[in-house]
Amino acid sequence: MTTDTAKAAIDAYLRQHETKGLLRLITCGSVDDGKSTLLGRLLYDTKLLFDDQLTALEGDSRRHGTQNGELDFALLVDGLAAEREQGITIDVAYRFFGTEKRKFIVADCPGHEQYTRNMATGASTADLAVVLVDARKGLLMQTRRHSYICALLGIRHVLLAVNKMDLVGYDPAVFAEIEAGYAELAAQLGIAQVTAIPVSALKGDNVSTRSTALDWYDGPTLLEHLETVAVSRAAQTLGFRLPVQWVCRPDQNFRGYAGQVAAGAIRTGDEVVALPGGARSRIARIVTADGDLDVAQAGDAVTLTLEDERDISRGDVIAGTASPPQVADQFAAHLLWMNDHALLPGRPYWLKIGTRTVSAQVTEIKHKIDVNTQDALAAKRLELNEVGVVNVSLDHAIPFEAYADCHELGGFILIDRQSNATVAAGTLDFALRRADNIHWQHVDVDREARARIKGQHPACLWFTGLSGSGKSTVANLVEKRLHAMGYHTYMLDGDNVRHGLNRDLGFTDEDRVENIRRVAEVARLMTDAGLIVLVSFISPFRSERQMARALFAEGDFHEVFVDTPLAICEQRDPKGLYAKARAGALKNFTGIDSPYEAPEHAELHLHAADTAPDVLAQQVIEELLKDEA
Ligand SMILES: Nc1ncnc2c1ncn2[C@@H]1O[C@H](COP(=O)(O)OS(=O)(=O)O)[C@@H](OP(=O)(O)O)[C@H]1O
Ligand SMILES: Nc1ncnc2c1ncn2[C@@H]1O[C@H](COP(=O)(O)OP(=O)(O)O)[C@@H](O)[C@H]1O
């Protein structure tokens with residue numbers, strides 16, 4: 001189920017069952033812990049299966065024959081074909097079931113290590129986690145990782161289901177040892193409440209009916225616990241917060257701000273402030289599909305209208321004026337990295353928080369966390385499934401809350417700008433004061449003044465291409481000609497800058513990101529100084545070239561792709577580096593064992609293998625001066 005359809009289904013479900021208590025839970029466990037069997041058993045025992053599902057299950061169980069003619073409950077919830085083939089659960093599936101006492105929404109989370117991403121998705125909305133452990137195996141790395149993520153995302157209640165008790169002879173000592181081990185882990189992680197229950201999902205022991213085989217256990221069955229456990233979300237002491245999802249303007253006379261109330265309550269007539277802008281007004285109406293309300297409170301989906309016309313847009317937060325959220329652009333945060341490619345500090349990602357998306361960079365990895373021991377470990381990068389404590393810097397200040405206080409305004413995801421993949425889930429811890437203390441210095445002699453006195457339009461010519469493609473040769477020629485024509489120029493060349501400013505950087509991905517970030521900033525300063533800057537760096541990643549582009553005004557950045565095929569660069573090999581790289585004596589060499597991402601929308605594409613350098617230089621000059629003609 002995609003998130004949107006899942007949300008729609010949840011909303012529909014909620015409308016149907018508004019009057020009953022509701023528990024949102026997630027199930028976490030390793031591939032073979034019996035998660036699907038347990039869920040199937042719960043659905044079956046609570047009689048929420050439809051007859052046709054049951055018939056299909058009986059047929060499937062006979063065909064697959066894994067349980068000697070008995071019903072195989074795993075087949076019921078392992079609905080996806082791919083999942084059955086691979087024997088792993090591959091996405092979060094939301095399932096609904098209910099008893100007389102309570103209704104439940106279960107995020108069925110994946111067990112396979114590389115799918116923690118889905119687990120984080122499920123955990124972000126859950127009140128309680130069912131953590132499954134195979135009694136024969138005890139606590140695994142997975143158990144620790146999943147519990148850590150639950151704690152990170154603010155889950156305070158864990159039901160530890162010690163499963164497959166039948167396979168350890170229903171031995172109380174086995175159960176006691178696992179229970180004690182988990183209690184220690186939960187204490188480390190700050191999980192407030194753990195209830196351990198010995199079960200056999202396959203046999204049905206202690207799932208919804210008590211088992212005589214487990215007569216030494218006198219606690220609740222799994223279902224009894226789920227029906228009665230009192231869960232509290234994070235303390236809701238915050239004032240009113242509504243992240244604006246949508247500005248509703250059906251006609252000239254109506255302007256409403258729609259969204260779901262994330263915290264607190266508001267009445268008509270109350271004063272509110274819209275952040276980050278700071279505009280104030282009073283609530284005129286609280287509109288819903290079922291008529292106007294006097295009060296809107298946490299969880300309500302409403303459309304607010306204000307007494308005054310204000311400039312408020314999607315992503316803004318409308319808040320009560322008594323204690324509005326802070327606004328900041330630099331944060332300390334926890335990050336769970338969920339992508340095969342490591343996190344690269346300095347690379348721009350999209351950060352989506354509440355209803356807002358902004359550009360953001362991880363400026364520093366403070367340390368990563370060993371999910372086994374909670375120890376802080378030094379780290380330069382974060383790999384798949386690793387958790388780190390980081391500093392994040394945003395391009396725009398946003399209203400926020402610490403995740404501990406409000407999930408909606410403190411939980412975020414990072415999105416790769418090239419692939420649009422969600423690469424991390426994170427939680428804001430606190431704002432860095434630094435954000436408030438650095439201000440732009442006003443200067444009287446500005447870029448325009450400097451450009452005017454030089455009689456030119458400042459610009460950046462950004463040459464990118466493989467080593468040996470001809471970047472320096474062409475850039476040199478271009479600079480010579482511009483100089484001869486009276487332009488003020490400066491050339492930044494990879495080989496040279498790496499001897500000075502970037503002397504501390506090598507050729508790992510993260511060092512290249514930092515290399516380009518610094519050079520782009522320097523190039524920007526030089527255009528502020530009124531110059532035409534020629535930048536000649538391999539600059540192999542699209543993301544960083546895009547980051548560089550974003551520093552300049554529209555039209556001032558000219559990306560020049562010096563396109564010479566690898567085979568020809570290798571033939572030229574003026575510095576003998578390709579030979580070294582092929583011999584294995586030089587690691588991370590672009591084109592050999594480090595990637596080059598060719599530009600897709602360069603302003604100029606030079607076919608540099610079969611054209612003379614002076615012809616190429618002329619093409620660059622024409623591109624630069626095309627608007628001056
Ligand atoms: N491992 C590895 N990979 C690529 N290049 C290497 C490497 N080691 C040294 N060199 C030399 O460094 C020059 C590239 O530096 P850049 O700063 O342009 O590289 S990057 O933009 O950070 O990727 C590059 O110069 P050019 O040949 O002028 O491009 C090489 O001479
Ligand atoms: N257009 C071209 N045609 C043929 N050879 C070229 C051309 N441009 C550059 N070269 C040669 O290729 C080699 C690498 O050029 P260089 O400018 O140092 O590349 P880069 O700066 O991209 O590493 C040099 O020996 C140079 O003389």
# chains A, B, ... in the order shown; residues from 1 in each chain; ligands from 1
call {"tool": "residues_near_ligand", "arguments": {"ligand": "ligand 2", "cutoff": "7 Å", "atoms": "only C-alpha atoms and all ligand atoms", "output": "count of residues only"}}
result
20
call {"tool": "residues_near_ligand", "arguments": {"ligand": "ligand 1", "cutoff": "6 Å", "atoms": "only C-alpha atoms and all ligand atoms", "output": "PyMOL selection string"}}
result
chain A and resi 467-468+494-495+507+512+515+537-540+587-590
call {"tool": "residues_around", "arguments": {"residues": "Arg481 in chain A", "least_positions_apart": "4", "cutoff": "12 Å", "atoms": "only C-alpha atoms", "output": "PDB file with C-alpha atoms, in the first residue's frame"}}
result
ATOM      1  CA  VAL A 474      40.089  24.973 -22.929  1.00  0.00           C
ATOM      2  CA  ALA A 475      39.570  27.095 -19.807  1.00  0.00           C
ATOM      3  CA  ASN A 476      43.078  28.493 -20.204  1.00  0.00           C
ATOM      4  CA  LEU A 477      42.437  29.495 -23.788  1.00  0.00           C
ATOM      5  CA  MET A 485      39.324  41.508 -24.775  1.00  0.00           C
ATOM      6  CA  GLY A 486      39.655  43.476 -21.514  1.00  0.00           C
ATOM      7  CA  TYR A 487      37.542  41.317 -19.212  1.00  0.00           C
ATOM      8  CA  HIS A 488      38.496  40.777 -15.578  1.00  0.00           C
ATOM      9  CA  THR A 489      38.771  37.056 -14.957  1.00  0.00           C
ATOM     10  CA  ASP A 614      40.703  26.835 -29.889  1.00  0.00           C
ATOM     11  CA  ALA A 617      37.245  27.946 -26.572  1.00  0.00           C
ATOM     12  CA  GLN A 618      35.401  30.036 -29.127  1.00  0.00           C
ATOM     13  CA  VAL A 620      32.554  28.894 -24.714  1.00  0.00           C
ATOM     14  CA  ILE A 621      33.086  32.589 -25.361  1.00  0.00           C
ATOM     15  CA  GLU A 622      30.007  32.709 -27.573  1.00  0.00           C
TER      16      GLU A 622
END
call {"tool": "closest_atom_pairs", "arguments": {"of": "range 451-550 of chain A", "to": "range 412-436 of chain A", "cutoff": "10 Å", "atoms": "only C-alpha atoms", "output": "CSV"}}
result
residue,atom,partner,partner_atom,distance
A:Arg542,CA,A:Gln418,CA,7.7
A:Ser543,CA,A:Gln418,CA,6.9
A:Gln546,CA,A:Arg417,CA,9.4
call {"tool": "write_last_selection", "arguments": {"atoms": "N, CA and C atoms", "output": "tab-separated table (two decimals), in the first residue's frame"}}
result
chain	number	residue	atom	x	y	z
A	542	ARG	N	26.36	15.20	-9.91
A	542	ARG	CA	25.31	16.16	-10.31
A	542	ARG	C	24.87	17.02	-9.14
A	543	SER	N	24.73	16.38	-7.97
A	543	SER	CA	24.22	17.11	-6.80
A	543	SER	C	25.06	18.35	-6.50
A	546	GLN	N	24.79	21.04	-9.03
A	546	GLN	CA	23.51	21.73	-8.83
A	546	GLN	C	23.61	22.69	-7.63
call {"tool": "closest_residue", "arguments": {"among": "A:Leu140, A:Leu132, A:Ala328, A:Leu43", "to": "Ser200 in chain A", "atoms": "only C-alpha atoms"}}
result
A:Leu132
call {"tool": "closest_residue", "arguments": {"among": "A:Gln260, A:Asn163, A:Thr268, A:Thr99", "to": "Gly34 in chain A", "atoms": "only C-alpha atoms"}}
result
A:Asn163
call {"tool": "residues_around", "arguments": {"residues": "His605 in chain A", "least_positions_apart": "2", "cutoff": "9 Å", "atoms": "only C-alpha atoms", "output": "list of chain:residue names"}}
result
A:Glu559, A:Val560, A:Phe561, A:Val562, A:Asp563, A:Pro599, A:His601, A:Ala602, A:Glu603, A:His607, A:Ala608
call {"tool": "write_last_selection", "arguments": {"atoms": "C-alpha atoms", "output": "compact mmCIF listing (two decimals), in the first residue's frame"}}
result
# COMPACT_ATOMS: atom_id res chain seq x y z
CA GLU A 559 27.90 24.64 -16.98
CA VAL A 560 30.34 23.51 -19.67
CA PHE A 561 30.52 19.76 -20.17
CA VAL A 562 33.94 18.88 -21.58
CA ASP A 563 32.89 15.58 -23.08
CA PRO A 599 25.57 16.59 -17.00
CA HIS A 601 21.28 20.01 -18.81
CA ALA A 602 24.62 21.74 -19.30
CA GLU A 603 24.45 25.15 -20.97
CA HIS A 607 32.49 17.37 -28.01
CA ALA A 608 36.07 17.60 -26.98
call {"tool": "select_by_dssp", "arguments": {"residues": "range 340-446 of chain A", "states": "helix (DSSP H, G or I)", "output": "list in words"}}
result
His407, Glu408, Leu409, Gly410, Arg434, Ala435, Asp436 and Asn437 of chain A
call {"tool": "write_last_selection", "arguments": {"atoms": "C-alpha atoms", "output": "PDB file, in the first residue's frame"}}
result
ATOM      1  CA  HIS A 407       6.250  14.334  16.179  1.00  0.00           C
ATOM      2  CA  GLU A 408       4.568  16.355  13.443  1.00  0.00           C
ATOM      3  CA  LEU A 409       6.876  19.359  13.796  1.00  0.00           C
ATOM      4  CA  GLY A 410      10.037  17.546  14.883  1.00  0.00           C
ATOM      5  CA  ARG A 434      24.510  29.781  16.246  1.00  0.00           C
ATOM      6  CA  ALA A 435      21.648  30.172  13.817  1.00  0.00           C
ATOM      7  CA  ASP A 436      20.515  33.349  15.586  1.00  0.00           C
ATOM      8  CA  ASN A 437      23.934  34.841  16.054  1.00  0.00           C
TER       9      ASN A 437
END
call {"tool": "closest_residue", "arguments": {"among": "A:Ser323, A:Gln374, A:Gln252, A:Thr288", "to": "Leu238 in chain A", "atoms": "only C-alpha atoms"}}
result
A:Ser323
call {"tool": "residues_around", "arguments": {"residues": "range 120-131 of chain A", "least_positions_apart": "6", "cutoff": "7 Å", "atoms": "only C-alpha atoms", "output": "list in words"}}
result
Leu23, Arg24, Leu25, Ile26, Thr27, Cys28, Gly29, Val92, Ala107, Cys109, Ile149, Cys150, Leu153, Ile155, Arg156, His157, Val158, Leu159, Leu160, Ala161, Val231 and Arg233 of chain A
call {"tool": "residues_around", "arguments": {"residues": "range 207-220 of chain A", "least_positions_apart": "5", "cutoff": "8 Å", "atoms": "only C-alpha atoms", "output": "mmCIF file with C-alpha atoms, in the first residue's frame"}}
result
data_model
loop_
_atom_site.group_PDB
_atom_site.id
_atom_site.type_symbol
_atom_site.label_atom_id
_atom_site.label_comp_id
_atom_site.auth_asym_id
_atom_site.auth_seq_id
_atom_site.Cartn_x
_atom_site.Cartn_y
_atom_site.Cartn_z
ATOM 1 C CA LEU A 38 1.309 -13.983 14.837
ATOM 2 C CA ARG A 41 -3.405 -15.634 14.152
ATOM 3 C CA LEU A 42 -4.617 -12.375 15.698
ATOM 4 C CA ASP A 45 -8.877 -15.261 16.348
ATOM 5 C CA TYR A 170 7.831 -24.112 27.134
ATOM 6 C CA PRO A 172 10.324 -20.752 31.875
ATOM 7 C CA ILE A 197 4.678 -12.503 27.110
ATOM 8 C CA PRO A 198 5.625 -16.100 26.229
ATOM 9 C CA VAL A 199 3.689 -17.230 23.154
ATOM 10 C CA SER A 200 3.539 -19.692 20.326
ATOM 11 C CA ALA A 201 1.905 -17.917 17.434
ATOM 12 C CA HIS A 225 -2.606 -6.792 26.906
#
call {"tool": "select_by_dssp", "arguments": {"residues": "range 161-280 of chain A", "states": "strand (DSSP E or B)", "output": "PyMOL selection string"}}
result
chain A and resi 161-163+193-198+200+205+209+241-243+246-251+254-260+263+265-267+271-275+279-280
call {"tool": "closest_residue", "arguments": {"among": "A:Tyr596, A:Phe104, A:Phe240, A:Tyr490", "to": "Leu534 in chain A", "atoms": "only C-alpha atoms"}}
result
A:Tyr490
call {"tool": "closest_residue", "arguments": {"among": "A:Lys580, A:Arg255, A:Arg145, A:His499", "to": "Leu189 in chain A", "atoms": "only C-alpha atoms"}}
result
A:Arg145
